[in-house]
>>> print(open('start.pdb').read())   # PDB, C-alpha atoms and all ligand atoms
ATOM      1  CA  MET A1219     -10.802   7.357  11.376
ATOM      2  CA  VAL A1220      -7.187   8.363  11.797
ATOM      3  CA  ASP A1221      -5.922  11.878  12.193
ATOM      4  CA  GLY A1222      -3.662  11.850   9.148
ATOM      5  CA  ARG A1223      -6.469  11.099   6.743
ATOM      6  CA  ASN A1224      -8.648  13.770   8.275
ATOM      7  CA  HIS A1225      -6.420  16.383   6.733
ATOM      8  CA  PRO A1226      -8.276  18.243   4.067
ATOM      9  CA  ARG A1227      -7.384  16.441   0.881
ATOM     10  CA  SER A1228      -6.345  18.517  -2.061
ATOM     11  CA  ASP A1229      -8.884  18.176  -4.803
ATOM     12  CA  ARG A1230      -6.577  19.565  -7.394
ATOM     13  CA  ALA A1231      -5.865  16.102  -8.704
ATOM     14  CA  THR A1232      -7.245  15.914 -12.187
ATOM     15  CA  GLU A1233      -8.072  12.822 -14.187
ATOM     16  CA  PRO A1234      -6.864  10.133 -14.159
ATOM     17  CA  LEU A1235      -5.675  10.443 -10.579
ATOM     18  CA  GLY A1236      -8.999  11.833  -9.425
ATOM     19  CA  ALA A1237     -10.733   8.810 -10.914
ATOM     20  CA  LEU A1238      -8.289   6.450  -9.233
ATOM     21  CA  ARG A1239      -8.700   8.168  -5.897
ATOM     22  CA  ARG A1240     -12.485   7.928  -6.087
ATOM     23  CA  ALA A1241     -12.226   4.301  -7.169
ATOM     24  CA  VAL A1242     -10.287   3.198  -4.091
ATOM     25  CA  ASP A1243     -11.657   5.622  -1.523
ATOM     26  CA  ASP A1244     -13.947   3.017   0.077
ATOM     27  CA  LEU A1245     -11.044   0.575   0.363
ATOM     28  CA  HIS A1246      -8.794   3.191   1.907
ATOM     29  CA  GLN A1247     -11.471   4.062   4.409
ATOM     30  CA  ALA A1248     -11.842   0.376   5.247
ATOM     31  CA  VAL A1249      -8.093   0.055   5.872
ATOM     32  CA  ASP A1250      -8.207   3.144   8.084
ATOM     33  CA  GLU A1251     -11.082   1.810  10.116
ATOM     34  CA  ARG A1252     -10.531  -1.945  10.159
ATOM     35  CA  SER A1253      -6.768  -2.504  10.273
ATOM     36  CA  SER A1254      -4.343  -1.905  13.108
ATOM     37  CA  LEU A1255      -2.233   0.252  10.834
ATOM     38  CA  GLY A1256      -5.021   2.793  10.685
ATOM     39  CA  THR A1257      -5.718   2.963  14.395
ATOM     40  CA  ALA A1258      -3.705   4.568  17.138
ATOM     41  CA  GLY A1259      -2.050   2.417  19.788
ATOM     42  CA  LEU A1260      -0.395  -0.212  17.604
ATOM     43  CA  ASP A1261       1.307  -2.853  19.754
ATOM     44  CA  VAL A1262       4.289  -4.953  18.704
ATOM     45  CA  HIS A1263       2.180  -8.057  18.109
ATOM     46  CA  ARG A1264      -0.242  -6.327  15.758
ATOM     47  CA  TYR A1265       2.595  -4.463  14.097
ATOM     48  CA  GLY A1266       4.276  -7.786  13.292
ATOM     49  CA  SER A1267       1.023  -9.307  12.011
ATOM     50  CA  SER A1268       0.469  -6.281   9.803
ATOM     51  CA  LEU A1269       3.965  -6.576   8.324
ATOM     52  CA  VAL A1270       3.386 -10.252   7.558
ATOM     53  CA  ALA A1271       0.061  -9.326   5.943
ATOM     54  CA  LEU A1272       1.774  -6.768   3.719
ATOM     55  CA  ALA A1273       4.429  -9.338   2.866
ATOM     56  CA  ARG A1274       1.753 -11.684   1.542
ATOM     57  CA  VAL A1275       0.865  -9.204  -1.195
ATOM     58  CA  LEU A1276       3.565  -6.606  -1.830
ATOM     59  CA  PRO A1277       6.460  -8.800  -3.008
ATOM     60  CA  GLY A1278       4.490 -10.164  -5.941
ATOM     61  CA  VAL A1279       3.123  -6.755  -6.872
ATOM     62  CA  GLU A1280       6.542  -5.139  -6.656
ATOM     63  CA  GLN A1281       8.127  -7.864  -8.713
ATOM     64  CA  ALA A1282       5.504  -7.486 -11.432
ATOM     65  CA  LEU A1283       5.908  -3.707 -11.434
ATOM     66  CA  VAL A1284       9.653  -4.050 -11.929
ATOM     67  CA  ARG A1285       9.284  -6.723 -14.587
ATOM     68  CA  TYR A1286       6.833  -4.695 -16.651
ATOM     69  CA  GLY A1287       8.135  -1.263 -15.712
ATOM     70  CA  ASP A1288       9.391  -0.492 -19.181
ATOM     71  CA  GLY A1289      11.023   2.739 -18.016
ATOM     72  CA  ARG A1290       7.651   4.253 -17.128
ATOM     73  CA  PHE A1291       8.497   5.516 -13.660
ATOM     74  CA  PRO A1292      11.443   4.853 -11.346
ATOM     75  CA  PHE A1293      10.518   2.271  -8.770
ATOM     76  CA  VAL A1294      12.651   0.777  -6.020
ATOM     77  CA  PRO A1295      11.036  -2.310  -4.461
ATOM     78  CA  LEU A1296      10.886  -2.278  -0.685
ATOM     79  CA  THR A1297      10.341  -6.025  -0.330
ATOM     80  CA  PRO A1298      13.869  -6.692   1.053
ATOM     81  CA  LEU A1299      13.278  -4.185   3.857
ATOM     82  CA  LEU A1300       9.824  -5.544   4.618
ATOM     83  CA  VAL A1301      11.168  -9.076   4.846
ATOM     84  CA  ALA A1302      14.121  -7.946   6.983
ATOM     85  CA  ASP A1303      11.755  -6.267   9.465
ATOM     86  CA  VAL A1304       9.540  -9.353   9.635
ATOM     87  CA  ARG A1305      12.537 -11.593  10.286
ATOM     88  CA  SER A1306      14.009  -9.183  12.858
ATOM     89  CA  LEU A1307      10.788  -9.593  14.792
ATOM     90  CA  GLY A1308      11.384 -13.337  14.761
ATOM     91  CA  LEU A1309       8.321 -14.005  12.631
ATOM     92  CA  ASP A1310       8.100 -16.670  10.006
ATOM     93  CA  ILE A1311       7.231 -15.792   6.491
ATOM     94  CA  ASP A1312       6.469 -17.781   3.400
ATOM     95  CA  LEU A1313       7.600 -15.873   0.364
ATOM     96  CA  GLU A1314       6.356 -17.670  -2.677
ATOM     97  CA  ILE A1315       6.444 -14.957  -5.258
ATOM     98  CA  ASP A1316       5.418 -15.570  -8.793
ATOM     99  CA  ASP A1317       5.005 -13.394 -11.827
ATOM    100  CA  SER A1318       1.266 -13.198 -11.508
ATOM    101  CA  ALA A1319       1.637 -11.541  -8.099
ATOM    102  CA  ARG A1320      -0.177 -13.798  -5.721
ATOM    103  CA  SER A1321      -3.666 -12.634  -4.777
ATOM    104  CA  THR A1322      -3.774 -10.095  -7.583
ATOM    105  CA  GLU A1323      -3.863 -12.604 -10.429
ATOM    106  CA  SER A1324      -6.600 -10.692 -12.215
ATOM    107  CA  VAL A1325      -4.177  -7.837 -12.871
ATOM    108  CA  GLY A1326      -2.253  -8.114 -16.111
ATOM    109  CA  TYR A1327       0.477  -5.580 -15.246
ATOM    110  CA  ASP A1328       1.915  -5.801 -18.741
ATOM    111  CA  ASP A1329      -0.514  -3.292 -20.206
ATOM    112  CA  GLY A1330       0.049   0.348 -19.360
ATOM    113  CA  GLY A1331      -3.233   1.002 -17.602
ATOM    114  CA  SER A1332      -2.883  -1.921 -15.197
ATOM    115  CA  TRP A1333       0.694  -1.016 -14.453
ATOM    116  CA  TRP A1334      -0.168   2.601 -13.590
ATOM    117  CA  GLY A1335      -3.107   1.538 -11.457
ATOM    118  CA  ALA A1336      -0.934  -0.748  -9.325
ATOM    119  CA  MET A1337       1.808   1.869  -9.169
ATOM    120  CA  TYR A1338      -0.749   4.431  -7.982
ATOM    121  CA  VAL A1339      -1.482   2.235  -4.958
ATOM    122  CA  MET A1340       2.222   1.709  -4.239
ATOM    123  CA  GLN A1341       3.085   5.402  -4.438
ATOM    124  CA  GLY A1342      -0.011   6.511  -2.547
ATOM    125  CA  SER A1343       0.705   4.079   0.255
ATOM    126  CA  ARG A1344       3.980   5.911   0.812
ATOM    127  CA  LEU A1345       1.936   8.954   1.890
ATOM    128  CA  GLY A1346       0.278   6.810   4.514
ATOM    129  CA  SER A1347       3.671   5.462   5.518
ATOM    130  CA  THR A1348       4.708   8.936   6.646
ATOM    131  CA  VAL A1349       1.917   8.830   9.244
ATOM    132  CA  ILE A1350       2.712   5.259  10.271
ATOM    133  CA  ALA A1351       6.481   5.825  10.527
ATOM    134  CA  GLU A1352       5.926   8.871  12.740
ATOM    135  CA  ARG A1353       3.603   6.929  15.009
ATOM    136  CA  LEU A1354       5.983   3.997  15.255
ATOM    137  CA  ALA A1355       8.834   6.286  16.240
ATOM    138  CA  VAL A1356       6.748   7.494  19.185
ATOM    139  CA  ASP A1357       4.720   4.427  20.181
ATOM    140  CA  LEU A1358       7.124   1.569  19.385
ATOM    141  CA  PRO A1359      10.574   3.171  19.101
ATOM    142  CA  ASP A1360      12.439  -0.142  19.374
ATOM    143  CA  VAL A1361      10.736  -2.148  16.646
ATOM    144  CA  PRO A1362      12.531  -2.647  13.324
ATOM    145  CA  ARG A1363      10.875  -0.268  10.888
ATOM    146  CA  SER A1364      13.187  -0.012   7.906
ATOM    147  CA  TYR A1365      10.262  -0.673   5.550
ATOM    148  CA  PHE A1366       8.032   2.167   6.765
ATOM    149  CA  ASP A1367      10.965   4.553   7.191
ATOM    150  CA  ALA A1368      12.110   3.956   3.605
ATOM    151  CA  ALA A1369       8.560   4.224   2.250
ATOM    152  CA  ALA A1370       8.093   7.522   4.094
ATOM    153  CA  THR A1371      11.368   9.044   2.965
ATOM    154  CA  ASP A1372      10.743  11.654   0.270
ATOM    155  CA  ALA A1373       7.182  10.375  -0.098
ATOM    156  CA  ARG A1374       5.787  13.834  -0.901
ATOM    157  CA  PRO A1375       8.241  14.691  -3.710
ATOM    158  CA  ALA A1376       7.887  11.162  -5.058
ATOM    159  CA  TRP A1377       4.110  11.599  -5.086
ATOM    160  CA  ALA A1378       4.414  14.910  -6.925
ATOM    161  CA  ALA A1379       6.657  13.292  -9.539
ATOM    162  CA  PHE A1380       4.279  10.368  -9.849
ATOM    163  CA  ARG A1381       1.331  12.664 -10.483
ATOM    164  CA  VAL A1382       3.146  14.417 -13.304
ATOM    165  CA  ALA A1383       4.237  11.122 -14.871
ATOM    166  CA  ALA A1384       0.829   9.466 -14.512
ATOM    167  CA  ARG A1385      -1.021  12.387 -16.073
ATOM    168  CA  ALA A1386       1.331  12.314 -19.038
ATOM    169  CA  ALA A1387       1.017   8.537 -19.379
ATOM    170  CA  PHE A1388      -2.753   8.452 -19.865
ATOM    171  CA  ASP A1389      -3.858   9.641 -23.246
ATOM    172  CA  GLY A1390      -7.450   9.947 -22.193
ATOM    173  CA  GLY A1391      -8.420   6.488 -23.383
ATOM    174  CA  GLN A1392     -11.252   5.142 -21.262
ATOM    175  CA  ALA A1393     -10.110   1.535 -21.707
ATOM    176  CA  ASP A1394      -6.713   2.349 -20.218
ATOM    177  CA  LEU A1395      -8.312   4.106 -17.286
ATOM    178  CA  ASP A1396     -10.712   1.218 -16.733
ATOM    179  CA  ARG A1397      -7.775  -1.185 -16.548
ATOM    180  CA  ALA A1398      -5.998   1.143 -14.126
ATOM    181  CA  VAL A1399      -9.061   1.298 -11.883
ATOM    182  CA  HIS A1400      -9.426  -2.477 -11.954
ATOM    183  CA  SER A1401      -5.760  -2.936 -11.121
ATOM    184  CA  ALA A1402      -5.745  -0.350  -8.328
ATOM    185  CA  ARG A1403      -8.796  -1.905  -6.707
ATOM    186  CA  ALA A1404      -7.434  -5.438  -7.023
ATOM    187  CA  VAL A1405      -4.121  -4.538  -5.370
ATOM    188  CA  PHE A1406      -5.761  -2.425  -2.681
ATOM    189  CA  ASP A1407      -8.372  -5.054  -1.942
ATOM    190  CA  ALA A1408      -5.722  -7.782  -1.593
ATOM    191  CA  LEU A1409      -3.921  -5.603   0.952
ATOM    192  CA  LEU A1410      -7.142  -4.867   2.808
ATOM    193  CA  VAL A1411      -8.105  -8.551   3.022
ATOM    194  CA  GLU A1412      -4.711  -9.547   4.428
ATOM    195  CA  LEU A1413      -4.502  -6.613   6.855
ATOM    196  CA  VAL A1414      -7.971  -7.241   8.265
ATOM    197  CA  ARG A1415      -7.306 -10.972   8.530
ATOM    198  CA  ALA A1416      -4.071 -10.235  10.389
ATOM    199  CA  ASP A1417      -6.075  -8.492  13.088
ATOM    200  CA  GLU A1418      -8.544 -11.285  13.648
ATOM    201  CA  PRO A1419      -8.080 -12.965  17.026
ATOM    202  CA  VAL A1420      -6.461 -16.377  16.846
ATOM    203  CA  VAL A1421      -8.489 -18.937  18.751
ATOM    204  CA  ARG A1422      -6.321 -21.543  20.473
ATOM    205  CA  GLU A1423      -8.061 -24.212  22.542
ATOM    206  CA  GLY A1424     -11.053 -21.969  22.963
ATOM    207  CA  VAL A1425      -9.049 -18.949  24.079
ATOM    208  CA  ALA A1426      -8.979 -15.897  21.859
ATOM    209  CA  THR A1427      -5.559 -14.228  21.788
TER
HETATM  210  C1  LIG B1501      -2.885  -0.904   2.534
HETATM  211  C2  LIG B1501      -2.560   0.231   3.083
HETATM  212  C3  LIG B1501      -2.682   1.564   2.372
HETATM  213  C4  LIG B1501      -2.678   1.821   1.043
HETATM  214  C5  LIG B1501      -2.524   0.844  -0.117
HETATM  215  C6  LIG B1501      -2.832   3.262   0.906
HETATM  216  C7  LIG B1501      -2.923   3.916  -0.310
HETATM  217  C8  LIG B1501      -3.032   5.282  -0.447
HETATM  218  C9  LIG B1501      -3.213   5.971  -1.691
HETATM  219  C10 LIG B1501      -3.328   5.291  -3.057
HETATM  220  C11 LIG B1501      -3.222   7.285  -1.434
HETATM  221  C12 LIG B1501      -3.325   8.420  -2.456
HETATM  222  C13 LIG B1501      -4.731   8.958  -2.493
HETATM  223  C14 LIG B1501      -4.846  10.067  -3.519
HETATM  224  O1  LIG B1501      -5.126   9.758  -4.689
HETATM  225  O2  LIG B1501      -4.643  11.217  -3.155
HETATM  226  C15 LIG B1501      -3.063   7.450  -0.005
HETATM  227  C16 LIG B1501      -3.015   8.664   0.672
HETATM  228  C17 LIG B1501      -2.905   8.772   2.014
HETATM  229  N1  LIG B1501      -2.941   7.776   2.940
HETATM  230 FE1  LIG B1501      -2.995   5.812   2.544
HETATM  231  N2  LIG B1501      -2.917   3.832   2.146
HETATM  232  C18 LIG B1501      -2.832   2.826   3.071
HETATM  233  C19 LIG B1501      -2.897   2.934   4.431
HETATM  234  C20 LIG B1501      -2.915   4.131   5.096
HETATM  235  C21 LIG B1501      -2.950   4.260   6.524
HETATM  236  C22 LIG B1501      -2.980   3.094   7.502
HETATM  237  C23 LIG B1501      -2.944   5.593   6.792
HETATM  238  C24 LIG B1501      -2.954   6.266   8.107
HETATM  239  C25 LIG B1501      -2.283   5.828   9.141
HETATM  240  C26 LIG B1501      -2.906   6.295   5.538
HETATM  241  C27 LIG B1501      -2.859   7.644   5.376
HETATM  242  C28 LIG B1501      -2.836   8.318   4.184
HETATM  243  C29 LIG B1501      -2.675   9.752   4.056
HETATM  244  C30 LIG B1501      -2.487  10.728   5.203
HETATM  245  C31 LIG B1501      -2.737  10.036   2.695
HETATM  246  C32 LIG B1501      -2.590  11.394   2.051
HETATM  247  C33 LIG B1501      -3.916  12.034   1.871
HETATM  248  C34 LIG B1501      -3.759  13.380   1.199
HETATM  249  O3  LIG B1501      -2.761  14.051   1.430
HETATM  250  O4  LIG B1501      -4.619  13.742   0.419
HETATM  251  N3  LIG B1501      -2.908   5.375   4.534
HETATM  252  N4  LIG B1501      -2.954   6.206   0.559
END
>>> encode(input="start.pdb", output="structure tokens")
Amino acid sequence: MVDGRNHPRSDRATEPLGALRRAVDDLHQAVDERSSLGTAGLDVHRYGSSLVALARVLPGVEQALVRYGDGRFPFVPLTPLLVADVRSLGLDIDLEIDDSARSTESVGYDDGGSWWGAMYVMQGSRLGSTVIAERLAVDLPDVPRSYFDAAATDARPAWAAFRVAARAAFDGGQADLDRAVHSARAVFDALLVELVRADEPVVREGVAT
């Protein structure tokens, strides 16, 4: 478990954010424990693999959030920065983005609940980015990190604004909240799967690297 997430978490969040937090807590814990991003001592190789893993999921999600944003909450996609960092590391990346947001096809995005659920994951991940950006600055000061730096910038005020907007957006309808929970879990799970896979050793001619 990482230090950042051991901070006492404020339990002031009321529904629907409390429900969303509880719904993804197991997935967040799994990312903390099973991905390189959640463990201290990230090396440049695993950092690059983790960026590629994020780039398999985030571009599609961000594109869908913009497309169906409908003025709900200001959102600036960070995909260009993520891709720039991956390419600066000399890594190859296949960016086939489609409207259904690859690997989160079960999320509709066009209904309010799904949109807020996915946005919850995006905004929440910026809180984690503050921890990751700080660690990178110390452990790997020379790696390109425009994505994590941008995600971390003003993450706390953005989170506060998101909480206000999300509370106002839900009218208490259980169906909306159910869709938000489904969406949040689908996006989070897609990220978890890719991040954990990125850390698996690659076996070449019988030698694990
Ligand atoms: C796929 C990657 C990740 C996603 C999608 C993600 C998502 C989230 C979400 C949704 C929240 C808000 C929880 C709430 O409702 O209060 C959150 C909070 C947080 N995350 Fe992550 N996270 C990720 C990775 C990480 C990692 C790797 C770390 C640690 C290095 C981390 C550290 C934190 C911290 C410190 C908070 C704030 C907790 C608090 O102040 O209550 N996250 N994250």
>>> residues_around(input="start.pdb", residues="range 1380-1386 of chain A", least_positions_apart="3", cutoff="9 Å", atoms="all atoms listed in the file", output="number ranges by chain")
A: 1231-1235, 1290-1291, 1334, 1337-1338, 1341, 1375-1377, 1389
>>> write_last_selection(input="start.pdb", atoms="C-alpha atoms", output="JSON list (two decimals), keeping the file's coordinate frame")
[["chain", "number", "residue", "atom", "x", "y", "z"],
["A", 1231, "ALA", "CA", -5.86, 16.10, -8.70],
["A", 1232, "THR", "CA", -7.24, 15.91, -12.19],
["A", 1233, "GLU", "CA", -8.07, 12.82, -14.19],
["A", 1234, "PRO", "CA", -6.86, 10.13, -14.16],
["A", 1235, "LEU", "CA", -5.68, 10.44, -10.58],
["A", 1290, "ARG", "CA", 7.65, 4.25, -17.13],
["A", 1291, "PHE", "CA", 8.50, 5.52, -13.66],
["A", 1334, "TRP", "CA", -0.17, 2.60, -13.59],
["A", 1337, "MET", "CA", 1.81, 1.87, -9.17],
["A", 1338, "TYR", "CA", -0.75, 4.43, -7.98],
["A", 1341, "GLN", "CA", 3.08, 5.40, -4.44],
["A", 1375, "PRO", "CA", 8.24, 14.69, -3.71],
["A", 1376, "ALA", "CA", 7.89, 11.16, -5.06],
["A", 1377, "TRP", "CA", 4.11, 11.60, -5.09],
["A", 1389, "ASP", "CA", -3.86, 9.64, -23.25]]
>>> closest_residue(input="start.pdb", among="A:Ser1254, A:Gln1392, A:Ser1401, A:Ser1364", to="ligand LIG 1501 (chain B)", atoms="all atoms listed in the file")
A:Ser1254
>>> axis_aligned_box(input="start.pdb", around="ligand LIG 1501 (chain B)", padding_each_side="8 Å", output="JSON")
{"center_x": -3.7, "center_y": 6.6, "center_z": 2.2, "size_x": 18.8, "size_y": 31.0, "size_z": 29.8}
>>> atom_distance(input="start.pdb", atom1="CA of Arg1374 in chain A", atom2="CA of Arg1415 in chain A")
29.6 Å
>>> resolve_selection(input="start.pdb", expression="the PyMOL selection byres (((chain A and resi 1396) around 12) and not hetatm)", output="JSON, numbers by chain")
{"A": [1234, 1237, 1238, 1241, 1325, 1329, 1330, 1331, 1332, 1333, 1334, 1335, 1388, 1390, 1391, 1392, 1393, 1394, 1395, 1397, 1398, 1399, 1400, 1401, 1402, 1403]}
>>> resolve_selection(input="start.pdb", expression="the PyMOL selection byres (((chain A and resi 1416) around 9) and not hetatm)", output="count of residues only")
15
>>> atom_distance(input="start.pdb", atom1="atom C25 of ligand LIG 1501 (chain B)", atom2="CA of Ser1343 in chain A")
9.5 Å
>>> residues_around(input="start.pdb", residues="Arg1285 in chain A", least_positions_apart="4", cutoff="9 Å", atoms="all atoms listed in the file", output="list in words")
Glu1280, Gln1281, Asp1317, Tyr1327 and Asp1328 of chain A
>>> closest_residue(input="start.pdb", among="A:Arg1305, A:His1263, A:Arg1353, A:Arg1274", to="ligand LIG 1501 (chain B)", atoms="all atoms listed in the file")
A:Arg1353
>>> residues_near_point(input="start.pdb", point="(3.4, -5.7, -2.4)", cutoff="10 Å", atoms="all atoms listed in the file", output="PyMOL selection string")
chain A and resi 1271-1283+1295-1297+1300+1319-1320+1322+1336+1339-1340+1405-1406+1408-1409
>>> write_last_selection(input="start.pdb", atoms="C-alpha atoms", output="mmCIF file, keeping the file's coordinate frame")
data_model
loop_
_atom_site.group_PDB
_atom_site.id
_atom_site.type_symbol
_atom_site.label_atom_id
_atom_site.label_comp_id
_atom_site.auth_asym_id
_atom_site.auth_seq_id
_atom_site.Cartn_x
_atom_site.Cartn_y
_atom_site.Cartn_z
ATOM 1 C CA ALA A 1271 0.061 -9.326 5.943
ATOM 2 C CA LEU A 1272 1.774 -6.768 3.719
ATOM 3 C CA ALA A 1273 4.429 -9.338 2.866
ATOM 4 C CA ARG A 1274 1.753 -11.684 1.542
ATOM 5 C CA VAL A 1275 0.865 -9.204 -1.195
ATOM 6 C CA LEU A 1276 3.565 -6.606 -1.830
ATOM 7 C CA PRO A 1277 6.460 -8.800 -3.008
ATOM 8 C CA GLY A 1278 4.490 -10.164 -5.941
ATOM 9 C CA VAL A 1279 3.123 -6.755 -6.872
ATOM 10 C CA GLU A 1280 6.542 -5.139 -6.656
ATOM 11 C CA GLN A 1281 8.127 -7.864 -8.713
ATOM 12 C CA ALA A 1282 5.504 -7.486 -11.432
ATOM 13 C CA LEU A 1283 5.908 -3.707 -11.434
ATOM 14 C CA PRO A 1295 11.036 -2.310 -4.461
ATOM 15 C CA LEU A 1296 10.886 -2.278 -0.685
ATOM 16 C CA THR A 1297 10.341 -6.025 -0.330
ATOM 17 C CA LEU A 1300 9.824 -5.544 4.618
ATOM 18 C CA ALA A 1319 1.637 -11.541 -8.099
ATOM 19 C CA ARG A 1320 -0.177 -13.798 -5.721
ATOM 20 C CA THR A 1322 -3.774 -10.095 -7.583
ATOM 21 C CA ALA A 1336 -0.934 -0.748 -9.325
ATOM 22 C CA VAL A 1339 -1.482 2.235 -4.958
ATOM 23 C CA MET A 1340 2.222 1.709 -4.239
ATOM 24 C CA VAL A 1405 -4.121 -4.538 -5.370
ATOM 25 C CA PHE A 1406 -5.761 -2.425 -2.681
ATOM 26 C CA ALA A 1408 -5.722 -7.782 -1.593
ATOM 27 C CA LEU A 1409 -3.921 -5.603 0.952
#
>>> atom_distance(input="start.pdb", atom1="CA of Arg1363 in chain A", atom2="atom C30 of ligand LIG 1501 (chain B)")
18.2 Å
>>> closest_residue(input="start.pdb", among="A:Asp1303, A:Glu1352, A:Asp1372, A:Glu1323", to="ligand LIG 1501 (chain B)", atoms="only C-alpha atoms and all ligand atoms")
A:Glu1352
>>> closest_residue(input="start.pdb", among="A:Ser1306, A:Ser1324, A:Ser1347, A:Thr1371", to="ligand LIG 1501 (chain B)", atoms="all atoms listed in the file")
A:Ser1347
>>> closest_residue(input="start.pdb", among="A:Asp1243, A:Tyr1265, A:Asp1310, A:Glu1251", to="Phe1366 in chain A", atoms="all atoms listed in the file")
A:Tyr1265
>>> closest_residue(input="start.pdb", among="A:Ala1373, A:Leu1410, A:Ala1368, A:Leu1245", to="Leu1299 in chain A", atoms="all atoms listed in the file")
A:Ala1368
